Amino acid sequence: MRHYLQFKDLSAEEYDYLLGRATLIKKRFKNYEKYTPLFDRTLAMIFEKASTRTRVSFEAGMYQMGGSVVNLTSGDSQLGRAEPIEDSARVISRMVDVVMIRTFEHTKIEAFAAHSRVPVINGLTNEYHPCQILADVFTYIEHRGSIRGKVVAWVGDGNNMANTWLQAADVLGFTLHVSTPSGYEIDAKVAGVSNQACVKVFDNPMDACRGAHLVTTDVWTSMGYEAENEARQKAFADWRVDRDMLAVAQPDVLFMHCLPAHRGEEVDADVIDGPHSVVWDEAENRMHVQKALMEYLLLGRIG
């Protein structure tokens, strides 16, 4: 039994397999070919953080694979409140085949996984967002081929997305350029990378984007940090991705954003809606890579 709590939980060789499966599964979906390997399997989704893309992508994906879904919100479940997380894990994992959790502290999902009898998938925590980066890497490969040896520029907050991009660079062999405002830096210890050379830090976001094959960002104020919004608006003013940043990147640079986006804040409208943007492919691909991930965790390798 395997869990997927951080990007580094799988090896580069496993990602090669998983992304290949995602390609085949997406092709079947686009060709309206029925493919239901998870028939009679049940996914429990536990949301302590609200979601649009995570819920739709997991729920639609599980139904398309032939399974069923139980959706639990913080109002429906007792996770970590009236009942210890360990007890919730013991009970829920006796009734379903796989669990996806979207919550706050990463320690919660680790505690749940430690007492679960079925695979647990991280749908997002304060520290990591592995399913999103899995979709982002898949999207890059779809458009440009292998990401190995390429340069990805992260502009903005040193948050869960940045931590996960750092892990991906370490595992998959590309370089991450990071530029964040002072006080919002990434913490390499949180990501726990083995190769410190996979990341380069820049004070100026323009320098981070120079020569990049992919430029990506996130909102300035993530869920749970709303009280800091005014301070963040001031601190991040120079970290808006604009056409000038893309102009110093590779001519065929891609732009990604995990969404929801705030045009005029972390990204200009003519960037996210421009010719370099692949955000809508990126959003759809959450569903396809998660279908491949659930298939792998439940059934192992196919063929």
# chains A, B, ... in the order shown; residues from 1 in each chain; ligands from 1
>>> residues_around(residues="stretch 185-199 of chain A", least_positions_apart="2", cutoff="12 Å", atoms="only C-alpha atoms", output="mmCIF file with N, CA and C atoms, in the first residue's frame")
data_model
loop_
_atom_site.group_PDB
_atom_site.id
_atom_site.type_symbol
_atom_site.label_atom_id
_atom_site.label_comp_id
_atom_site.auth_asym_id
_atom_site.auth_seq_id
_atom_site.Cartn_x
_atom_site.Cartn_y
_atom_site.Cartn_z
ATOM 1 N N GLN A 6 3.366 13.742 -0.529
ATOM 2 C CA GLN A 6 4.298 14.731 -1.046
ATOM 3 C C GLN A 6 4.756 14.289 -2.432
ATOM 4 N N PHE A 7 5.252 15.227 -3.219
ATOM 5 C CA PHE A 7 5.710 14.875 -4.563
ATOM 6 C C PHE A 7 6.853 13.867 -4.501
ATOM 7 N N LYS A 8 7.708 13.982 -3.498
ATOM 8 C CA LYS A 8 8.871 13.090 -3.415
ATOM 9 C C LYS A 8 8.510 11.681 -2.944
ATOM 10 N N ASP A 9 7.229 11.391 -2.736
ATOM 11 C CA ASP A 9 6.814 10.036 -2.357
ATOM 12 C C ASP A 9 6.986 9.044 -3.498
ATOM 13 N N HIS A 106 -0.083 19.861 7.523
ATOM 14 C CA HIS A 106 0.312 18.598 6.897
ATOM 15 C C HIS A 106 0.358 17.460 7.921
ATOM 16 N N ASN A 126 -1.186 22.997 3.903
ATOM 17 C CA ASN A 126 -0.462 24.267 3.956
ATOM 18 C C ASN A 126 0.951 24.145 3.409
ATOM 19 N N GLU A 127 1.515 22.928 3.484
ATOM 20 C CA GLU A 127 2.913 22.746 3.104
ATOM 21 C C GLU A 127 3.114 22.231 1.681
ATOM 22 N N TYR A 128 2.168 21.430 1.152
ATOM 23 C CA TYR A 128 2.383 20.775 -0.140
ATOM 24 C C TYR A 128 1.097 20.702 -0.959
ATOM 25 N N HIS A 129 1.289 20.632 -2.295
ATOM 26 C CA HIS A 129 0.165 20.457 -3.214
ATOM 27 C C HIS A 129 0.623 19.543 -4.365
ATOM 28 N N PRO A 130 0.889 18.277 -4.073
ATOM 29 C CA PRO A 130 1.512 17.405 -5.080
ATOM 30 C C PRO A 130 0.657 17.117 -6.302
ATOM 31 N N ARG A 148 12.960 17.490 -17.994
ATOM 32 C CA ARG A 148 14.317 17.294 -17.477
ATOM 33 C C ARG A 148 15.276 18.293 -18.122
ATOM 34 N N GLY A 149 16.082 18.938 -17.298
ATOM 35 C CA GLY A 149 17.062 19.887 -17.783
ATOM 36 C C GLY A 149 16.523 21.267 -18.082
ATOM 37 N N LYS A 150 15.224 21.473 -17.908
ATOM 38 C CA LYS A 150 14.615 22.772 -18.204
ATOM 39 C C LYS A 150 14.674 23.687 -16.973
ATOM 40 N N VAL A 151 14.221 24.923 -17.172
ATOM 41 C CA VAL A 151 14.186 25.918 -16.091
ATOM 42 C C VAL A 151 12.745 26.343 -15.851
ATOM 43 N N VAL A 152 12.299 26.183 -14.617
ATOM 44 C CA VAL A 152 10.972 26.635 -14.195
ATOM 45 C C VAL A 152 11.157 27.828 -13.268
ATOM 46 N N ALA A 153 10.474 28.928 -13.539
ATOM 47 C CA ALA A 153 10.563 30.121 -12.700
ATOM 48 C C ALA A 153 9.320 30.245 -11.834
ATOM 49 N N TRP A 154 9.539 30.300 -10.541
ATOM 50 C CA TRP A 154 8.438 30.533 -9.596
ATOM 51 C C TRP A 154 8.518 31.971 -9.110
ATOM 52 N N VAL A 155 7.437 32.731 -9.309
ATOM 53 C CA VAL A 155 7.398 34.139 -8.927
ATOM 54 C C VAL A 155 6.265 34.330 -7.927
ATOM 55 N N GLY A 156 6.595 34.761 -6.710
ATOM 56 C CA GLY A 156 5.537 35.013 -5.730
ATOM 57 C C GLY A 156 5.824 34.441 -4.366
ATOM 58 N N ASP A 157 4.817 33.884 -3.747
ATOM 59 C CA ASP A 157 4.879 33.421 -2.364
ATOM 60 C C ASP A 157 5.639 32.094 -2.254
ATOM 61 N N GLY A 158 6.463 31.958 -1.234
ATOM 62 C CA GLY A 158 7.147 30.689 -0.970
ATOM 63 C C GLY A 158 6.227 29.736 -0.233
ATOM 64 N N ASN A 159 5.137 29.337 -0.894
ATOM 65 C CA ASN A 159 4.069 28.585 -0.244
ATOM 66 C C ASN A 159 4.114 27.093 -0.578
ATOM 67 N N ASN A 160 2.972 26.420 -0.407
ATOM 68 C CA ASN A 160 2.913 24.977 -0.655
ATOM 69 C C ASN A 160 3.214 24.629 -2.111
ATOM 70 N N MET A 161 2.810 25.483 -3.037
ATOM 71 C CA MET A 161 3.130 25.255 -4.442
ATOM 72 C C MET A 161 4.636 25.342 -4.674
ATOM 73 N N ALA A 162 5.263 26.368 -4.123
ATOM 74 C CA ALA A 162 6.704 26.528 -4.277
ATOM 75 C C ALA A 162 7.459 25.347 -3.670
ATOM 76 N N ASN A 163 7.034 24.914 -2.478
ATOM 77 C CA ASN A 163 7.670 23.752 -1.844
ATOM 78 C C ASN A 163 7.586 22.520 -2.733
ATOM 79 N N THR A 164 6.434 22.334 -3.366
ATOM 80 C CA THR A 164 6.225 21.141 -4.176
ATOM 81 C C THR A 164 6.981 21.234 -5.497
ATOM 82 N N TRP A 165 7.045 22.430 -6.091
ATOM 83 C CA TRP A 165 7.880 22.607 -7.278
ATOM 84 C C TRP A 165 9.341 22.280 -6.958
ATOM 85 N N LEU A 166 9.766 22.640 -5.769
ATOM 86 C CA LEU A 166 11.151 22.355 -5.355
ATOM 87 C C LEU A 166 11.388 20.846 -5.284
ATOM 88 N N GLN A 167 10.441 20.127 -4.720
ATOM 89 C CA GLN A 167 10.561 18.666 -4.682
ATOM 90 C C GLN A 167 10.569 18.078 -6.093
ATOM 91 N N ALA A 168 9.717 18.613 -6.965
ATOM 92 C CA ALA A 168 9.643 18.117 -8.336
ATOM 93 C C ALA A 168 10.956 18.338 -9.070
ATOM 94 N N ALA A 169 11.572 19.492 -8.870
ATOM 95 C CA ALA A 169 12.867 19.763 -9.497
ATOM 96 C C ALA A 169 13.911 18.752 -9.037
ATOM 97 N N ASP A 170 13.889 18.444 -7.757
ATOM 98 C CA ASP A 170 14.827 17.479 -7.176
ATOM 99 C C ASP A 170 14.615 16.083 -7.758
ATOM 100 N N VAL A 171 13.357 15.652 -7.871
ATOM 101 C CA VAL A 171 13.049 14.296 -8.330
ATOM 102 C C VAL A 171 13.213 14.151 -9.843
ATOM 103 N N LEU A 172 12.773 15.165 -10.592
ATOM 104 C CA LEU A 172 12.677 15.023 -12.048
ATOM 105 C C LEU A 172 13.847 15.639 -12.810
ATOM 106 N N GLY A 173 14.744 16.326 -12.116
ATOM 107 C CA GLY A 173 15.969 16.770 -12.762
ATOM 108 C C GLY A 173 15.862 18.037 -13.571
ATOM 109 N N PHE A 174 15.099 19.022 -13.098
ATOM 110 C CA PHE A 174 15.106 20.345 -13.724
ATOM 111 C C PHE A 174 15.519 21.370 -12.676
ATOM 112 N N THR A 175 15.667 22.624 -13.089
ATOM 113 C CA THR A 175 16.112 23.682 -12.182
ATOM 114 C C THR A 175 14.955 24.624 -11.882
ATOM 115 N N LEU A 176 14.791 24.961 -10.625
ATOM 116 C CA LEU A 176 13.745 25.886 -10.202
ATOM 117 C C LEU A 176 14.371 27.227 -9.851
ATOM 118 N N HIS A 177 13.951 28.275 -10.553
ATOM 119 C CA HIS A 177 14.319 29.641 -10.209
ATOM 120 C C HIS A 177 13.210 30.216 -9.335
ATOM 121 N N VAL A 178 13.577 30.753 -8.202
ATOM 122 C CA VAL A 178 12.584 31.258 -7.250
ATOM 123 C C VAL A 178 12.854 32.722 -6.941
ATOM 124 N N SER A 179 11.790 33.526 -6.990
ATOM 125 C CA SER A 179 11.879 34.907 -6.529
ATOM 126 C C SER A 179 10.659 35.218 -5.683
ATOM 127 N N THR A 180 10.895 35.572 -4.441
ATOM 128 C CA THR A 180 9.822 35.914 -3.503
ATOM 129 C C THR A 180 10.167 37.227 -2.808
ATOM 130 N N PRO A 181 9.171 37.950 -2.313
ATOM 131 C CA PRO A 181 9.477 39.131 -1.498
ATOM 132 C C PRO A 181 10.177 38.724 -0.203
ATOM 133 N N SER A 182 10.895 39.657 0.373
ATOM 134 C CA SER A 182 11.553 39.408 1.651
ATOM 135 C C SER A 182 10.517 39.043 2.715
ATOM 136 N N GLY A 183 10.788 37.980 3.446
ATOM 137 C CA GLY A 183 9.874 37.513 4.471
ATOM 138 C C GLY A 183 8.938 36.424 4.009
ATOM 139 N N VAL A 201 17.893 31.060 -6.166
ATOM 140 C CA VAL A 201 17.040 32.103 -5.595
ATOM 141 C C VAL A 201 17.473 33.472 -6.121
ATOM 142 N N PHE A 202 16.489 34.289 -6.510
ATOM 143 C CA PHE A 202 16.759 35.607 -7.079
ATOM 144 C C PHE A 202 15.946 36.656 -6.331
ATOM 145 N N ASP A 203 16.585 37.790 -6.037
ATOM 146 C CA ASP A 203 15.864 38.895 -5.407
ATOM 147 C C ASP A 203 14.912 39.549 -6.392
ATOM 148 N N ALA A 208 14.767 35.894 -12.242
ATOM 149 C CA ALA A 208 14.293 34.512 -12.110
ATOM 150 C C ALA A 208 13.684 34.016 -13.415
ATOM 151 N N PHE A 236 4.051 42.255 -2.190
ATOM 152 C CA PHE A 236 4.149 41.527 -3.459
ATOM 153 C C PHE A 236 3.962 42.429 -4.694
#
>>> select_by_dssp(residues="stretch 208-299 of chain A", states="alpha helix (DSSP H)", output="VMD selection string")
chain A and resid 208 to 209 229 to 235 243 to 247 269 to 272 279 to 299
>>> atom_distance(atom1="atom CA of A:Lys234", atom2="atom CA of A:Val278")
28.0 Å
>>> residues_around(residues="stretch 252-264 of chain A", least_positions_apart="3", cutoff="7 Å", atoms="only C-alpha atoms", output="CSV table (one decimal) with N, CA and C atoms, in the first residue's frame")
chain,number,residue,atom,x,y,z
A,132,GLN,N,-1.4,19.1,-7.8
A,132,GLN,CA,-1.3,20.2,-8.7
A,132,GLN,C,0.0,20.2,-9.5
A,212,ALA,N,13.8,31.2,-18.7
A,212,ALA,CA,12.9,30.1,-18.2
A,212,ALA,C,12.1,29.5,-19.3
A,213,HIS,N,11.8,28.2,-19.2
A,213,HIS,CA,11.0,27.5,-20.1
A,213,HIS,C,9.5,27.5,-19.7
A,214,LEU,N,9.3,27.8,-18.4
A,214,LEU,CA,8.0,27.8,-17.8
A,214,LEU,C,8.0,28.9,-16.7
A,215,VAL,N,7.1,29.8,-16.7
A,215,VAL,CA,6.9,30.7,-15.6
A,215,VAL,C,5.6,30.5,-14.9
A,216,THR,N,5.6,30.4,-13.6
A,216,THR,CA,4.3,30.0,-12.9
A,216,THR,C,4.3,30.8,-11.6
A,217,THR,N,3.0,31.0,-11.1
A,217,THR,CA,2.8,31.8,-9.9
A,217,THR,C,1.5,31.3,-9.2
A,218,ASP,N,1.2,32.0,-8.1
A,218,ASP,CA,0.0,31.6,-7.4
A,218,ASP,C,-0.6,32.9,-6.8
A,219,VAL,N,-1.7,32.9,-6.1
A,219,VAL,CA,-2.3,34.1,-5.5
A,219,VAL,C,-1.3,34.6,-4.4
A,249,ALA,N,12.2,35.4,-20.9
A,249,ALA,CA,12.2,34.0,-20.8
A,249,ALA,C,12.4,33.4,-22.2
A,267,VAL,N,-0.9,38.3,-11.5
A,267,VAL,CA,-0.6,38.1,-12.9
A,267,VAL,C,-1.5,39.2,-13.7
A,268,ASP,N,-0.9,39.7,-14.8
A,268,ASP,CA,-1.6,40.6,-15.7
A,268,ASP,C,-2.6,39.8,-16.5
A,269,ALA,N,-3.7,40.4,-16.9
A,269,ALA,CA,-4.7,39.7,-17.7
A,269,ALA,C,-4.1,39.3,-19.1
A,276,HIS,N,0.9,32.5,-24.4
A,276,HIS,CA,1.8,31.6,-23.7
A,276,HIS,C,1.1,30.8,-22.6
A,277,SER,N,-0.1,31.2,-22.2
A,277,SER,CA,-0.8,30.6,-21.1
A,277,SER,C,-1.5,29.3,-21.5
A,278,VAL,N,-1.3,28.3,-20.6
A,278,VAL,CA,-1.9,27.0,-20.7
A,278,VAL,C,-2.7,26.6,-19.5
A,279,VAL,N,-3.2,27.6,-18.8
A,279,VAL,CA,-3.9,27.4,-17.5
A,279,VAL,C,-5.1,26.5,-17.6
>>> select_by_dssp(residues="stretch 189-237 of chain A", states="strand (DSSP E)", output="PyMOL selection string")
chain A and resi 199-201+214-217
>>> residues_around(residues="stretch 25-38 of chain A", least_positions_apart="4", cutoff="8 Å", atoms="only C-alpha atoms", output="ChimeraX atom specification")
/A:21,62,64-67,288,291-292,295
>>> write_last_selection(atoms="N, CA and C atoms", output="short mmCIF file (atom, residue, chain, number, x, y, z; two decimals), in the first residue's frame")
data_model
loop_
_atom_site.label_atom_id
_atom_site.label_comp_id
_atom_site.auth_asym_id
_atom_site.auth_seq_id
_atom_site.Cartn_x
_atom_site.Cartn_y
_atom_site.Cartn_z
N ARG A 21 0.63 6.71 -18.20
CA ARG A 21 -0.74 6.25 -17.98
C ARG A 21 -1.73 7.40 -18.12
N MET A 62 -13.19 9.87 -10.63
CA MET A 62 -13.52 8.58 -10.03
C MET A 62 -14.75 7.98 -10.70
N GLN A 64 -15.75 8.53 -13.77
CA GLN A 64 -15.34 8.10 -15.11
C GLN A 64 -14.58 6.77 -15.08
N MET A 65 -13.88 6.52 -14.00
CA MET A 65 -13.12 5.26 -13.87
C MET A 65 -13.99 4.12 -13.34
N GLY A 66 -15.28 4.40 -13.14
CA GLY A 66 -16.21 3.36 -12.73
C GLY A 66 -16.48 3.26 -11.26
N GLY A 67 -15.86 4.11 -10.45
CA GLY A 67 -16.03 4.04 -9.01
C GLY A 67 -17.12 4.97 -8.49
N HIS A 288 -7.05 14.11 -15.17
CA HIS A 288 -6.43 12.98 -15.85
C HIS A 288 -5.27 12.38 -15.04
N LYS A 291 -6.69 10.49 -12.05
CA LYS A 291 -7.22 9.19 -12.44
C LYS A 291 -6.09 8.18 -12.54
N ALA A 292 -4.98 8.58 -13.16
CA ALA A 292 -3.82 7.69 -13.26
C ALA A 292 -3.24 7.38 -11.88
N GLU A 295 -5.55 4.91 -10.06
CA GLU A 295 -5.37 3.59 -10.67
C GLU A 295 -4.09 2.94 -10.16
#
>>> closest_residue(among="A:Val120, A:Val248, A:Val137, A:Ala22", to="A:Val289", atoms="only C-alpha atoms")
A:Ala22
>>> residues_around(residues="A:Ala44", least_positions_apart="3", cutoff="12 Å", atoms="only C-alpha atoms", output="MDAnalysis selection string")
chainID A and resid 41 47 55 58:59 62 67:73 77 89 91:102 118:121 123 294
>>> atom_distance(atom1="atom CA of A:Lys49", atom2="atom CA of A:Tyr15")
27.1 Å
>>> residues_around(residues="A:Gly224", least_positions_apart="3", cutoff="12 Å", atoms="only C-alpha atoms", output="ChimeraX atom specification")
/A:48-50,103-105,125-126,159,220-221,227-229
>>> atom_distance(atom1="atom CA of A:Arg53", atom2="atom CA of A:Asn285")
10.4 Å
>>> closest_residue(among="A:Leu297, A:Leu246, A:Arg144, A:Glu86", to="A:Ser116", atoms="only C-alpha atoms")
A:Glu86
>>> decode(residues="stretch 154-224 of chain A", atoms="C-alpha atoms", output="CSV table (one decimal), in the first residue's frame")
chain,number,residue,atom,x,y,z
A,154,TRP,CA,8.4,30.5,-9.6
A,155,VAL,CA,7.4,34.1,-8.9
A,156,GLY,CA,5.5,35.0,-5.7
A,157,ASP,CA,4.9,33.4,-2.4
A,158,GLY,CA,7.1,30.7,-1.0
A,159,ASN,CA,4.1,28.6,-0.2
A,160,ASN,CA,2.9,25.0,-0.7
A,161,MET,CA,3.1,25.3,-4.4
A,162,ALA,CA,6.7,26.5,-4.3
A,163,ASN,CA,7.7,23.8,-1.8
A,164,THR,CA,6.2,21.1,-4.2
A,165,TRP,CA,7.9,22.6,-7.3
A,166,LEU,CA,11.2,22.4,-5.4
A,167,GLN,CA,10.6,18.7,-4.7
A,168,ALA,CA,9.6,18.1,-8.3
A,169,ALA,CA,12.9,19.8,-9.5
A,170,ASP,CA,14.8,17.5,-7.2
A,171,VAL,CA,13.0,14.3,-8.3
A,172,LEU,CA,12.7,15.0,-12.0
A,173,GLY,CA,16.0,16.8,-12.8
A,174,PHE,CA,15.1,20.3,-13.7
A,175,THR,CA,16.1,23.7,-12.2
A,176,LEU,CA,13.7,25.9,-10.2
A,177,HIS,CA,14.3,29.6,-10.2
A,178,VAL,CA,12.6,31.3,-7.3
A,179,SER,CA,11.9,34.9,-6.5
A,180,THR,CA,9.8,35.9,-3.5
A,181,PRO,CA,9.5,39.1,-1.5
A,182,SER,CA,11.6,39.4,1.7
A,183,GLY,CA,9.9,37.5,4.5
A,184,TYR,CA,8.1,35.1,2.1
A,185,GLU,CA,11.0,32.9,1.1
A,186,ILE,CA,10.8,29.2,0.5
A,187,ASP,CA,12.2,26.9,3.2
A,188,ALA,CA,14.3,24.2,1.6
A,189,LYS,CA,14.1,22.2,4.9
A,190,VAL,CA,10.3,22.0,4.5
A,191,ALA,CA,10.7,20.5,1.0
A,192,GLY,CA,13.5,18.2,2.2
A,193,VAL,CA,15.3,18.1,-1.1
A,194,SER,CA,18.5,16.1,-1.5
A,195,ASN,CA,20.0,18.2,-4.3
A,196,GLN,CA,20.3,21.9,-3.3
A,197,ALA,CA,21.7,22.7,-6.7
A,198,CYS,CA,18.2,22.2,-8.2
A,199,VAL,CA,17.1,25.6,-6.9
A,200,LYS,CA,18.4,29.1,-7.5
A,201,VAL,CA,17.0,32.1,-5.6
A,202,PHE,CA,16.8,35.6,-7.1
A,203,ASP,CA,15.9,38.9,-5.4
A,204,ASN,CA,14.5,40.3,-8.7
A,205,PRO,CA,11.7,38.3,-10.3
A,206,MET,CA,12.9,39.5,-13.8
A,207,ASP,CA,16.2,37.6,-13.2
A,208,ALA,CA,14.3,34.5,-12.1
A,209,CYS,CA,12.4,34.5,-15.4
A,210,ARG,CA,15.4,35.0,-17.6
A,211,GLY,CA,15.8,32.0,-19.9
A,212,ALA,CA,12.9,30.1,-18.2
A,213,HIS,CA,11.0,27.5,-20.1
A,214,LEU,CA,8.0,27.8,-17.8
A,215,VAL,CA,6.9,30.7,-15.6
A,216,THR,CA,4.3,30.0,-12.9
A,217,THR,CA,2.8,31.8,-9.9
A,218,ASP,CA,0.0,31.6,-7.4
A,219,VAL,CA,-2.3,34.1,-5.5
A,220,TRP,CA,-0.5,36.4,-3.1
A,221,THR,CA,-2.8,35.4,-0.2
A,222,SER,CA,-3.5,31.7,0.1
A,223,MET,CA,-6.5,30.3,1.9
A,224,GLY,CA,-6.0,30.6,5.7
